[in-house]
$ cat entry-v3.tsv   # TSV, C-alpha atoms
chain	number	residue	atom	x	y	z
A	1	MET	CA	-91.75	104.18	15.89
A	2	ASP	CA	-92.83	105.71	19.19
A	3	GLN	CA	-91.26	104.34	22.38
A	4	GLY	CA	-89.00	102.03	20.39
A	5	VAL	CA	-91.73	99.39	20.04
A	6	THR	CA	-91.72	97.46	16.77
A	7	PRO	CA	-94.76	95.30	15.99
A	8	PRO	CA	-94.39	91.80	14.58
A	9	ILE	CA	-93.60	92.20	10.88
A	10	PHE	CA	-95.69	90.62	8.13
A	11	ASP	CA	-93.49	90.58	5.06
A	12	CYS	CA	-95.59	90.40	1.88
A	13	HIS	CA	-92.62	90.22	-0.51
A	14	ALA	CA	-90.12	87.38	-0.01
A	15	HIS	CA	-88.93	84.46	-2.15
A	16	TYR	CA	-88.17	80.74	-2.12
A	17	PHE	CA	-87.15	78.09	-4.66
A	18	PRO	CA	-86.68	74.35	-4.31
A	19	GLU	CA	-83.06	73.24	-4.62
A	20	SER	CA	-83.80	71.41	-7.88
A	21	LEU	CA	-84.62	74.74	-9.53
A	22	MET	CA	-82.30	77.04	-7.59
A	23	VAL	CA	-79.04	75.22	-8.34
A	24	PRO	CA	-79.43	75.41	-12.13
A	25	LEU	CA	-80.69	78.99	-11.82
A	26	ARG	CA	-77.48	79.99	-10.03
A	27	ARG	CA	-75.43	78.45	-12.80
A	28	ALA	CA	-77.45	80.25	-15.46
A	29	ALA	CA	-77.11	83.59	-13.62
A	30	ALA	CA	-73.34	83.34	-13.15
A	31	GLY	CA	-71.66	86.43	-14.54
A	32	LYS	CA	-74.89	88.44	-14.82
A	33	GLU	CA	-75.44	91.66	-12.86
A	34	TYR	CA	-77.93	89.98	-10.55
A	35	GLY	CA	-75.94	86.75	-10.14
A	36	PRO	CA	-74.48	87.63	-6.71
A	37	ASN	CA	-77.98	88.24	-5.35
A	38	LEU	CA	-78.86	84.57	-5.93
A	39	GLN	CA	-75.94	83.03	-4.06
A	40	SER	CA	-77.41	82.96	-0.55
A	41	SER	CA	-78.35	79.45	0.56
A	42	THR	CA	-81.50	80.88	2.15
A	43	TRP	CA	-83.07	80.91	-1.31
A	44	ASP	CA	-83.51	77.14	-1.23
A	45	HIS	CA	-83.18	76.28	2.48
A	46	MET	CA	-86.30	77.33	4.33
A	47	ASP	CA	-84.87	76.44	7.73
A	48	GLU	CA	-82.19	79.08	7.20
A	49	GLN	CA	-84.81	81.62	6.16
A	50	LEU	CA	-86.77	80.89	9.32
A	51	ALA	CA	-83.72	81.57	11.46
A	52	GLN	CA	-83.40	84.95	9.79
A	53	LEU	CA	-87.10	85.69	10.25
A	54	ASP	CA	-86.66	85.10	13.97
A	55	ALA	CA	-83.56	87.28	14.14
A	56	CYS	CA	-85.27	90.17	12.30
A	57	GLY	CA	-88.64	90.10	14.06
A	58	VAL	CA	-90.59	88.86	11.05
A	59	ALA	CA	-93.65	86.94	12.19
A	60	CYS	CA	-94.75	85.76	8.74
A	61	SER	CA	-93.48	85.92	5.15
A	62	ALA	CA	-95.32	85.58	1.88
A	63	MET	CA	-93.10	83.44	-0.36
A	64	THR	CA	-93.18	83.79	-4.14
A	65	TYR	CA	-90.68	83.19	-6.97
A	66	SER	CA	-89.32	86.65	-7.77
A	67	ALA	CA	-88.78	87.25	-11.50
A	68	PHE	CA	-86.84	84.02	-12.02
A	69	LEU	CA	-89.34	81.16	-12.18
A	70	GLU	CA	-89.37	80.73	-15.94
A	71	MET	CA	-85.59	81.18	-16.10
A	72	ALA	CA	-85.05	78.56	-13.38
A	73	ILE	CA	-87.32	76.05	-15.11
A	74	GLY	CA	-85.49	76.55	-18.40
A	75	ALA	CA	-82.10	76.24	-16.70
A	76	ALA	CA	-83.21	72.96	-15.15
A	77	GLY	CA	-84.10	71.59	-18.59
A	78	LEU	CA	-87.75	71.08	-17.65
A	79	SER	CA	-90.95	71.82	-19.48
A	80	ARG	CA	-92.92	74.72	-18.08
A	81	SER	CA	-95.63	72.41	-16.75
A	82	GLU	CA	-93.07	70.15	-15.02
A	83	GLY	CA	-91.25	73.07	-13.41
A	84	VAL	CA	-94.43	74.72	-12.17
A	85	ARG	CA	-95.60	71.48	-10.58
A	86	ILE	CA	-92.24	70.99	-8.84
A	87	ALA	CA	-92.34	74.57	-7.55
A	88	ASN	CA	-95.87	74.16	-6.22
A	89	ASP	CA	-95.14	70.87	-4.47
A	90	ALA	CA	-92.01	72.30	-2.82
A	91	MET	CA	-93.77	75.48	-1.72
A	92	ALA	CA	-96.64	73.47	-0.26
A	93	GLU	CA	-94.17	71.38	1.73
A	94	ALA	CA	-92.48	74.50	3.10
A	95	GLN	CA	-95.82	76.01	4.09
A	96	ALA	CA	-96.85	72.79	5.82
A	97	CYS	CA	-93.56	72.61	7.73
A	98	TYR	CA	-93.90	76.16	9.05
A	99	PRO	CA	-97.61	76.88	9.49
A	100	GLY	CA	-98.35	80.48	10.32
A	101	ARG	CA	-94.81	81.55	9.44
A	102	ILE	CA	-94.85	80.92	5.70
A	103	VAL	CA	-97.65	81.79	3.28
A	104	GLY	CA	-96.89	80.06	0.00
A	105	ALA	CA	-97.64	81.24	-3.52
A	106	ALA	CA	-98.98	79.06	-6.29
A	107	ALA	CA	-96.79	79.13	-9.37
A	108	PHE	CA	-98.73	79.66	-12.59
A	109	ASP	CA	-97.87	78.54	-16.10
A	110	ALA	CA	-98.90	81.51	-18.21
A	111	GLU	CA	-98.51	79.47	-21.40
A	112	GLY	CA	-100.19	76.33	-20.10
A	113	GLY	CA	-103.74	76.97	-21.25
A	114	LYS	CA	-106.31	74.67	-19.62
A	115	GLY	CA	-103.52	72.54	-18.19
A	116	GLY	CA	-101.99	75.57	-16.51
A	117	LEU	CA	-105.33	76.51	-14.98
A	118	ALA	CA	-105.84	72.94	-13.76
A	119	GLU	CA	-102.44	73.01	-12.05
A	120	LEU	CA	-103.26	76.37	-10.48
A	121	ARG	CA	-106.48	74.96	-9.07
A	122	ARG	CA	-104.59	71.95	-7.72
A	123	ALA	CA	-102.18	74.30	-5.96
A	124	LEU	CA	-104.97	76.36	-4.40
A	125	ASP	CA	-107.28	73.47	-3.58
A	126	SER	CA	-105.28	70.32	-2.85
A	127	LEU	CA	-102.02	72.00	-1.80
A	128	GLY	CA	-103.57	74.91	0.08
A	129	MET	CA	-101.53	77.70	-1.50
A	130	ARG	CA	-102.73	81.13	-0.38
A	131	ILE	CA	-101.29	83.46	-3.02
A	132	ILE	CA	-101.12	83.36	-6.82
A	133	HIS	CA	-97.77	84.38	-8.31
A	134	MET	CA	-97.82	86.29	-11.60
A	135	MET	CA	-95.52	88.62	-13.52
A	136	THR	CA	-96.19	92.15	-14.72
A	137	SER	CA	-95.54	90.91	-18.26
A	138	TYR	CA	-94.63	87.76	-20.14
A	139	ASP	CA	-92.44	88.61	-23.14
A	140	GLY	CA	-94.66	91.59	-23.94
A	141	LEU	CA	-97.96	89.96	-22.93
A	142	TYR	CA	-99.57	91.87	-20.04
A	143	PRO	CA	-102.08	90.62	-17.44
A	144	ASP	CA	-104.95	92.57	-18.96
A	145	ASP	CA	-105.11	89.91	-21.69
A	146	PRO	CA	-108.36	87.88	-21.51
A	147	ARG	CA	-106.42	84.61	-21.25
A	148	PHE	CA	-105.61	85.60	-17.64
A	149	TRP	CA	-109.20	86.30	-16.65
A	150	PRO	CA	-109.82	82.76	-15.36
A	151	VAL	CA	-106.92	83.31	-12.97
A	152	TYR	CA	-108.64	86.34	-11.48
A	153	GLU	CA	-111.89	84.43	-11.19
A	154	MET	CA	-110.05	81.68	-9.32
A	155	ALA	CA	-108.35	84.20	-7.03
A	156	ALA	CA	-111.73	85.63	-6.06
A	157	GLU	CA	-113.19	82.15	-5.63
A	158	TYR	CA	-110.44	81.12	-3.18
A	159	ASN	CA	-110.12	84.62	-1.69
A	160	VAL	CA	-106.37	84.75	-2.27
A	161	PRO	CA	-104.33	87.74	-3.49
A	162	VAL	CA	-102.61	87.85	-6.87
A	163	PHE	CA	-99.00	88.88	-6.22
A	164	VAL	CA	-97.74	90.59	-9.38
A	165	HIS	CA	-93.94	90.70	-9.46
A	166	PRO	CA	-92.21	93.07	-11.88
A	167	PHE	CA	-90.47	91.82	-14.95
A	168	ALA	CA	-87.15	93.46	-15.78
A	169	SER	CA	-88.51	95.92	-18.33
A	170	PRO	CA	-90.50	96.10	-21.55
A	171	ALA	CA	-88.41	94.18	-24.06
A	172	ASN	CA	-88.08	96.99	-26.59
A	173	TRP	CA	-86.76	99.34	-23.88
A	174	GLU	CA	-84.10	96.95	-22.64
A	175	GLN	CA	-81.31	98.43	-24.75
A	176	LEU	CA	-82.05	101.97	-23.61
A	177	MET	CA	-81.66	100.96	-19.97
A	178	HIS	CA	-78.47	98.98	-20.40
A	179	ARG	CA	-76.25	100.52	-23.05
A	180	SER	CA	-74.83	103.93	-23.86
A	181	ALA	CA	-71.67	105.32	-25.40
A	182	GLN	CA	-70.25	105.49	-21.88
A	183	GLY	CA	-70.88	101.82	-21.12
A	184	PRO	CA	-73.44	99.78	-19.12
A	185	LEU	CA	-76.19	101.83	-17.50
A	186	LEU	CA	-77.47	99.22	-15.02
A	187	LEU	CA	-80.98	100.66	-14.90
A	188	ARG	CA	-82.78	97.31	-15.05
A	189	GLY	CA	-83.80	97.22	-11.40
A	190	GLN	CA	-83.81	100.94	-10.72
A	191	VAL	CA	-86.13	101.94	-13.56
A	192	GLY	CA	-87.14	98.90	-15.60
A	193	MET	CA	-89.05	97.00	-12.91
A	194	LEU	CA	-90.95	100.10	-11.79
A	195	LEU	CA	-91.76	100.93	-15.39
A	196	ASP	CA	-93.15	97.48	-16.12
A	197	THR	CA	-95.29	97.56	-12.96
A	198	THR	CA	-96.59	101.00	-13.96
A	199	LEU	CA	-97.52	99.75	-17.43
A	200	CYS	CA	-99.16	96.68	-15.94
A	201	ILE	CA	-101.39	98.64	-13.55
A	202	GLY	CA	-102.18	101.24	-16.19
A	203	ARG	CA	-103.31	98.53	-18.59
A	204	LEU	CA	-105.42	96.82	-15.93
A	205	VAL	CA	-107.10	100.16	-15.19
A	206	GLN	CA	-107.64	101.25	-18.78
A	207	SER	CA	-108.75	97.83	-20.05
A	208	GLY	CA	-111.38	97.50	-17.32
A	209	VAL	CA	-109.94	94.44	-15.55
A	210	PHE	CA	-110.35	96.01	-12.10
A	211	ASP	CA	-114.00	96.73	-12.97
A	212	ARG	CA	-114.58	93.22	-14.31
A	213	PHE	CA	-113.06	91.55	-11.22
A	214	PRO	CA	-113.86	93.81	-8.27
A	215	GLN	CA	-113.43	91.00	-5.71
A	216	THR	CA	-109.92	90.03	-6.85
A	217	LYS	CA	-107.08	91.26	-4.65
A	218	PHE	CA	-104.00	92.46	-6.53
A	219	LEU	CA	-100.68	93.19	-4.80
A	220	PHE	CA	-97.92	95.07	-6.64
A	221	CYS	CA	-94.30	95.61	-5.62
A	222	GLN	CA	-92.40	98.85	-4.98
A	223	LEU	CA	-95.48	101.03	-4.40
A	224	GLY	CA	-96.87	100.01	-7.78
A	225	GLY	CA	-94.02	101.61	-9.70
A	226	PHE	CA	-94.78	105.22	-10.64
A	227	ILE	CA	-98.55	104.82	-10.29
A	228	PRO	CA	-98.99	106.85	-7.04
A	229	PHE	CA	-97.44	109.84	-8.82
A	230	LEU	CA	-99.53	109.69	-12.00
A	231	ALA	CA	-103.07	110.55	-10.90
A	232	GLY	CA	-102.78	114.05	-12.32
A	233	ARG	CA	-101.60	112.75	-15.67
A	234	PHE	CA	-104.49	110.31	-15.95
A	235	ASP	CA	-106.97	112.99	-14.84
A	236	SER	CA	-105.59	115.43	-17.38
A	237	ALA	CA	-106.11	112.93	-20.21
A	238	TYR	CA	-109.68	112.29	-19.00
A	239	LEU	CA	-110.51	116.00	-18.79
A	240	MET	CA	-108.98	116.70	-22.19
A	241	HIS	CA	-111.10	113.93	-23.66
A	242	ARG	CA	-114.27	115.45	-22.22
A	243	TYR	CA	-113.25	118.89	-23.46
A	244	TYR	CA	-112.70	117.71	-27.02
A	245	VAL	CA	-115.97	115.76	-27.01
A	246	GLU	CA	-117.82	118.90	-25.85
A	247	GLN	CA	-116.05	120.91	-28.56
A	248	GLY	CA	-117.13	118.40	-31.17
A	249	LYS	CA	-113.55	117.64	-32.12
A	250	ILE	CA	-113.76	113.93	-31.32
A	251	PRO	CA	-116.86	111.73	-31.32
A	252	ALA	CA	-118.56	110.89	-28.04
A	253	SER	CA	-118.04	107.22	-28.91
A	254	ALA	CA	-114.22	107.57	-28.78
A	255	PRO	CA	-112.49	105.47	-26.07
A	256	VAL	CA	-112.50	107.34	-22.75
A	257	PRO	CA	-109.24	107.56	-20.76
A	258	ALA	CA	-109.68	106.18	-17.24
A	259	ARG	CA	-109.40	108.32	-14.14
A	260	LEU	CA	-106.66	106.60	-12.11
A	261	ARG	CA	-107.81	107.96	-8.77
A	262	ASP	CA	-111.09	106.07	-9.23
A	263	TYR	CA	-109.04	102.87	-8.82
A	264	PHE	CA	-106.95	103.78	-5.79
A	265	GLY	CA	-108.09	101.48	-3.02
A	266	ARG	CA	-108.65	98.63	-5.49
A	267	PHE	CA	-105.13	97.16	-5.15
A	268	TRP	CA	-102.32	96.81	-2.62
A	269	VAL	CA	-98.68	97.93	-2.90
A	270	ASP	CA	-95.58	97.06	-0.88
A	271	ILE	CA	-92.82	99.40	0.33
A	272	HIS	CA	-89.80	97.44	-0.87
A	273	ALA	CA	-86.83	99.63	-1.89
A	274	VAL	CA	-88.51	103.03	-1.69
A	275	ASP	CA	-87.97	106.09	0.49
A	276	GLY	CA	-90.08	107.88	3.06
A	277	ALA	CA	-91.37	110.58	0.73
A	278	ALA	CA	-92.56	107.98	-1.78
A	279	ILE	CA	-94.29	105.98	0.97
A	280	ALA	CA	-96.08	109.11	2.21
A	281	CYS	CA	-97.28	109.83	-1.33
A	282	ALA	CA	-98.52	106.27	-1.82
A	283	VAL	CA	-100.37	106.30	1.50
A	284	ARG	CA	-102.10	109.53	0.51
A	285	GLN	CA	-103.04	108.18	-2.91
A	286	VAL	CA	-103.85	104.48	-2.58
A	287	GLY	CA	-104.88	104.61	1.10
A	288	ILE	CA	-103.21	103.60	4.36
A	289	ASP	CA	-104.97	100.21	4.39
A	290	ARG	CA	-103.56	99.31	0.96
A	291	VAL	CA	-99.82	99.64	1.78
A	292	VAL	CA	-97.90	96.63	3.14
A	293	MET	CA	-94.39	95.65	4.17
A	294	GLY	CA	-91.99	94.10	1.66
A	295	THR	CA	-88.30	93.18	1.91
A	296	ASP	CA	-87.52	91.19	-1.28
A	297	ALA	CA	-85.57	88.69	0.87
A	298	PRO	CA	-83.36	86.86	0.14
A	299	TYR	CA	-82.61	88.74	-3.10
A	300	ARG	CA	-81.98	91.61	-0.72
A	301	PRO	CA	-80.64	90.26	2.59
A	302	LEU	CA	-83.52	90.20	5.08
A	303	GLU	CA	-81.69	92.25	7.69
A	304	MET	CA	-81.03	94.96	5.10
A	305	GLY	CA	-84.58	94.86	3.79
A	306	VAL	CA	-86.07	95.28	7.26
A	307	ARG	CA	-83.59	97.99	8.23
A	308	LEU	CA	-84.11	100.04	5.09
A	309	ALA	CA	-87.89	99.74	5.37
A	310	MET	CA	-87.82	100.88	8.99
A	311	GLU	CA	-85.60	103.84	8.09
A	312	ALA	CA	-87.91	104.82	5.24
A	313	LEU	CA	-90.98	104.61	7.48
A	314	ALA	CA	-89.24	106.72	10.12
A	315	GLU	CA	-88.61	109.40	7.48
A	316	SER	CA	-92.12	109.24	6.02
A	317	GLY	CA	-93.87	111.45	8.57
A	318	LEU	CA	-96.49	108.76	9.17
A	319	THR	CA	-97.81	108.25	12.68
A	320	ALA	CA	-96.79	105.27	14.78
A	321	GLU	CA	-100.24	103.75	14.20
A	322	GLU	CA	-99.94	104.18	10.43
A	323	GLN	CA	-96.51	102.59	10.46
A	324	ARG	CA	-97.86	99.67	12.47
A	325	ARG	CA	-100.58	99.11	9.91
A	326	ILE	CA	-97.99	98.91	7.14
A	327	LEU	CA	-95.60	96.66	9.05
A	328	CYS	CA	-98.17	94.34	10.54
A	329	ASP	CA	-101.92	94.80	10.33
A	330	ASN	CA	-102.42	95.31	6.59
A	331	GLY	CA	-100.22	92.36	5.63
A	332	ARG	CA	-101.85	90.09	8.19
A	333	ALA	CA	-105.28	90.93	6.80
A	334	LEU	CA	-104.22	90.56	3.15
A	335	LEU	CA	-102.55	87.18	3.74
A	336	GLY	CA	-105.42	85.93	5.88
A	337	VAL	CA	-103.22	85.10	8.87
A	338	GLU	CA	-104.96	84.81	12.23
A	339	PRO	CA	-103.76	87.17	15.01
$ encode --input "entry-v3.tsv" --output "structure tokens"
Amino acid sequence: MDQGVTPPIFDCHAHYFPESLMVPLRRAAAGKEYGPNLQSSTWDHMDEQLAQLDACGVACSAMTYSAFLEMAIGAAGLSRSEGVRIANDAMAEAQACYPGRIVGAAAFDAEGGKGGLAELRRALDSLGMRIIHMMTSYDGLYPDDPRFWPVYEMAAEYNVPVFVHPFASPANWEQLMHRSAQGPLLLRGQVGMLLDTTLCIGRLVQSGVFDRFPQTKFLFCQLGGFIPFLAGRFDSAYLMHRYYVEQGKIPASAPVPARLRDYFGRFWVDIHAVDGAAIACAVRQVGIDRVVMGTDAPYRPLEMGVRLAMEALAESGLTAEEQRRILCDNGRALLGVEP
């Protein structure tokens, strides 16, 4: 940035687990490709995370559960409802210990029915959580399903964002991204997570969820997957539909493909693990006020996450003011943190 001045950073993509869930998760992940990324003690020791925030110039971090909440609960031998309650209580304690530095996410039991919604309300109301943590998919079930609509109503009621973290990949594509005649492909994080986020946003657009819940704030990781690059594809499908209706080749009552660009500005995206050209594209498409900082710490070491983000922003061609909005102002506004 100009004159070497870096604003205080508001990181909208970081993670924390209580020790009671993190220890069994590490055991369950041993030997897996992502196992080494879970070894840092900062995952379950918030005081150590705070020391790193200070060292890296991060004023505030939004803490969620990455893609591992359900896995951690299972590894701990707990029911989903028990594990979610433990996660919420621990996150509330961390937020209370470090006010203004930590913004905690409410864990949500996607299979909990009315009990899961009651626990979510407890987390937002009694515990004061300021984000709702969700996944882009749950074993093939995507957030456009009507069973999630009460969550979006609650998010609007409490004026908190829904942080939608990517799942590894659509289940039936897993083999294609991992195995070939030449051996492991290791495309889970590089392609799978972006693909699942893309499918999630596309389904929310096409199914009308963004229209049904216009006051709900959605935040997606990694620029929203491939979404910033797909406006032309969505527009083409829409225009082809109109053409075939006018030609009488399909009935006017046929389902109409959505125009994606009509929904840019309706959700936020973070810049975790992307390059400058991608950031510039996302800013042009979704809008400069809808792009926020993300590091994925401690899955990615915080120092590395901040450094790579700064390098990408420097290469993006954005002005110093635009970079400041991404690093600081947009995240502060989304998280509701006072200046």
$ residues_around --input "entry-v3.tsv" --residues "Asp54 in chain A" --least-positions-apart "6" --cutoff "12 Å" --atoms "all atoms listed in the file" --output "PyMOL selection string"
chain A and resi 8-9+47-48+60-61+101+302-303
$ residues_near_point --input "entry-v3.tsv" --point "(-101.0, 94.2, -1.4)" --cutoff "9 Å" --atoms "all atoms listed in the file" --output "PyMOL selection string"
chain A and resi 12+161-163+217-221+267-270+290-293+330-331+334-335
$ write_last_selection --input "entry-v3.tsv" --atoms "C-alpha atoms" --output "tab-separated table (two decimals), in the coordinates of the input"
chain	number	residue	atom	x	y	z
A	12	CYS	CA	-95.59	90.40	1.88
A	161	PRO	CA	-104.33	87.74	-3.49
A	162	VAL	CA	-102.61	87.85	-6.87
A	163	PHE	CA	-99.00	88.88	-6.22
A	217	LYS	CA	-107.08	91.26	-4.65
A	218	PHE	CA	-104.00	92.46	-6.53
A	219	LEU	CA	-100.68	93.19	-4.80
A	220	PHE	CA	-97.92	95.07	-6.64
A	221	CYS	CA	-94.30	95.61	-5.62
A	267	PHE	CA	-105.13	97.16	-5.15
A	268	TRP	CA	-102.32	96.81	-2.62
A	269	VAL	CA	-98.68	97.93	-2.90
A	270	ASP	CA	-95.58	97.06	-0.88
A	290	ARG	CA	-103.56	99.31	0.96
A	291	VAL	CA	-99.82	99.64	1.78
A	292	VAL	CA	-97.90	96.63	3.14
A	293	MET	CA	-94.39	95.65	4.17
A	330	ASN	CA	-102.42	95.31	6.59
A	331	GLY	CA	-100.22	92.36	5.63
A	334	LEU	CA	-104.22	90.56	3.15
A	335	LEU	CA	-102.55	87.18	3.74
$ closest_residue --input "entry-v3.tsv" --among "A:Tyr98, A:Phe210, A:Trp43, A:Phe108" --to "Arg85 in chain A" --atoms "only C-alpha atoms"
A:Phe108
$ closest_residue --input "entry-v3.tsv" --among "A:Lys32, A:Arg324, A:His15, A:Arg122" --to "Val103 in chain A" --atoms "only C-alpha atoms"
A:His15
$ residues_near_point --input "entry-v3.tsv" --point "(-92.5, 92.5, -14.2)" --cutoff "8 Å" --atoms "all atoms listed in the file" --output "ChimeraX atom specification"
/A:67,135-138,164-169,193,196-197
$ atom_distance --input "entry-v3.tsv" --atom1 "CA of Ala96 in chain A" --atom2 "CA of Met22 in chain A"
20.2 Å
$ residues_around --input "entry-v3.tsv" --residues "Asp275 in chain A" --least-positions-apart "6" --cutoff "12 Å" --atoms "all atoms listed in the file" --output "PyMOL selection string"
chain A and resi 222-223+281-282+308-317
$ closest_residue --input "entry-v3.tsv" --among "A:Thr216, A:Ala277, A:Ser126, A:Ala107" --to "Glu153 in chain A" --atoms "all atoms listed in the file"
A:Thr216
$ atom_distance --input "entry-v3.tsv" --atom1 "CA of Thr198 in chain A" --atom2 "CA of Arg325 in chain A"
24.3 Å
$ atom_distance --input "entry-v3.tsv" --atom1 "CA of Leu127 in chain A" --atom2 "CA of Met154 in chain A"
14.7 Å
$ residues_around --input "entry-v3.tsv" --residues "Glu70 in chain A" --least-positions-apart "6" --cutoff "12 Å" --atoms "all atoms listed in the file" --output "list in words"
Phe17, Leu21, Met22, Pro24, Leu25, Ala28, Ala76, Gly77, Leu78, Ser79, Arg80, Ser81, Glu82, Gly83, Val84, Ala87, Ala107, Phe108, Asp109, Ala110, Glu111, His133, Met134, Met135, Tyr138, Asp139 and Phe167 of chain A
$ build_atoms --input "entry-v3.tsv" --residues "range 99-117 of chain A" --atoms "N, CA and C atoms" --output "mmCIF file, keeping the file's coordinate frame"
data_model
loop_
_atom_site.group_PDB
_atom_site.id
_atom_site.type_symbol
_atom_site.label_atom_id
_atom_site.label_comp_id
_atom_site.auth_asym_id
_atom_site.auth_seq_id
_atom_site.Cartn_x
_atom_site.Cartn_y
_atom_site.Cartn_z
ATOM 1 N N PRO A 99 -96.284 76.254 9.535
ATOM 2 C CA PRO A 99 -97.610 76.880 9.490
ATOM 3 C C PRO A 99 -97.635 78.191 10.275
ATOM 4 N N GLY A 100 -98.264 79.184 9.674
ATOM 5 C CA GLY A 100 -98.350 80.480 10.320
ATOM 6 C C GLY A 100 -97.142 81.357 10.109
ATOM 7 N N ARG A 101 -96.023 80.768 9.688
ATOM 8 C CA ARG A 101 -94.810 81.550 9.440
ATOM 9 C C ARG A 101 -94.587 81.795 7.954
ATOM 10 N N ILE A 102 -95.038 80.845 7.143
ATOM 11 C CA ILE A 102 -94.850 80.920 5.700
ATOM 12 C C ILE A 102 -96.222 80.873 5.023
ATOM 13 N N VAL A 103 -96.461 81.814 4.130
ATOM 14 C CA VAL A 103 -97.650 81.790 3.280
ATOM 15 C C VAL A 103 -97.143 81.591 1.858
ATOM 16 N N GLY A 104 -97.463 80.444 1.271
ATOM 17 C CA GLY A 104 -96.890 80.060 0.000
ATOM 18 C C GLY A 104 -97.710 80.506 -1.198
ATOM 19 N N ALA A 105 -97.000 80.813 -2.285
ATOM 20 C CA ALA A 105 -97.640 81.240 -3.520
ATOM 21 C C ALA A 105 -97.716 80.096 -4.515
ATOM 22 N N ALA A 106 -98.816 80.027 -5.211
ATOM 23 C CA ALA A 106 -98.980 79.060 -6.290
ATOM 24 C C ALA A 106 -98.302 79.594 -7.539
ATOM 25 N N ALA A 107 -97.384 78.788 -8.084
ATOM 26 C CA ALA A 107 -96.790 79.130 -9.370
ATOM 27 C C ALA A 107 -97.834 78.911 -10.461
ATOM 28 N N PHE A 108 -97.747 79.725 -11.504
ATOM 29 C CA PHE A 108 -98.730 79.660 -12.590
ATOM 30 C C PHE A 108 -98.018 79.611 -13.927
ATOM 31 N N ASP A 109 -98.416 78.674 -14.755
ATOM 32 C CA ASP A 109 -97.870 78.540 -16.100
ATOM 33 C C ASP A 109 -98.693 79.395 -17.047
ATOM 34 N N ALA A 110 -98.155 80.566 -17.388
ATOM 35 C CA ALA A 110 -98.900 81.510 -18.210
ATOM 36 C C ALA A 110 -99.132 81.010 -19.631
ATOM 37 N N GLU A 111 -98.359 80.017 -20.060
ATOM 38 C CA GLU A 111 -98.510 79.470 -21.400
ATOM 39 C C GLU A 111 -99.190 78.108 -21.394
ATOM 40 N N GLY A 112 -99.692 77.693 -20.247
ATOM 41 C CA GLY A 112 -100.190 76.330 -20.100
ATOM 42 C C GLY A 112 -101.624 76.096 -20.515
ATOM 43 N N GLY A 113 -102.363 77.151 -20.844
ATOM 44 C CA GLY A 113 -103.740 76.970 -21.250
ATOM 45 C C GLY A 113 -104.579 76.298 -20.177
ATOM 46 N N LYS A 114 -105.447 75.369 -20.584
ATOM 47 C CA LYS A 114 -106.310 74.670 -19.620
ATOM 48 C C LYS A 114 -105.488 73.857 -18.628
ATOM 49 N N GLY A 115 -104.367 73.290 -19.098
ATOM 50 C CA GLY A 115 -103.520 72.540 -18.190
ATOM 51 C C GLY A 115 -102.910 73.420 -17.115
ATOM 52 N N GLY A 116 -102.522 74.644 -17.495
ATOM 53 C CA GLY A 116 -101.990 75.570 -16.510
ATOM 54 C C GLY A 116 -103.018 75.974 -15.487
ATOM 55 N N LEU A 117 -104.258 76.168 -15.919
ATOM 56 C CA LEU A 117 -105.330 76.510 -14.980
ATOM 57 C C LEU A 117 -105.657 75.340 -14.067
#
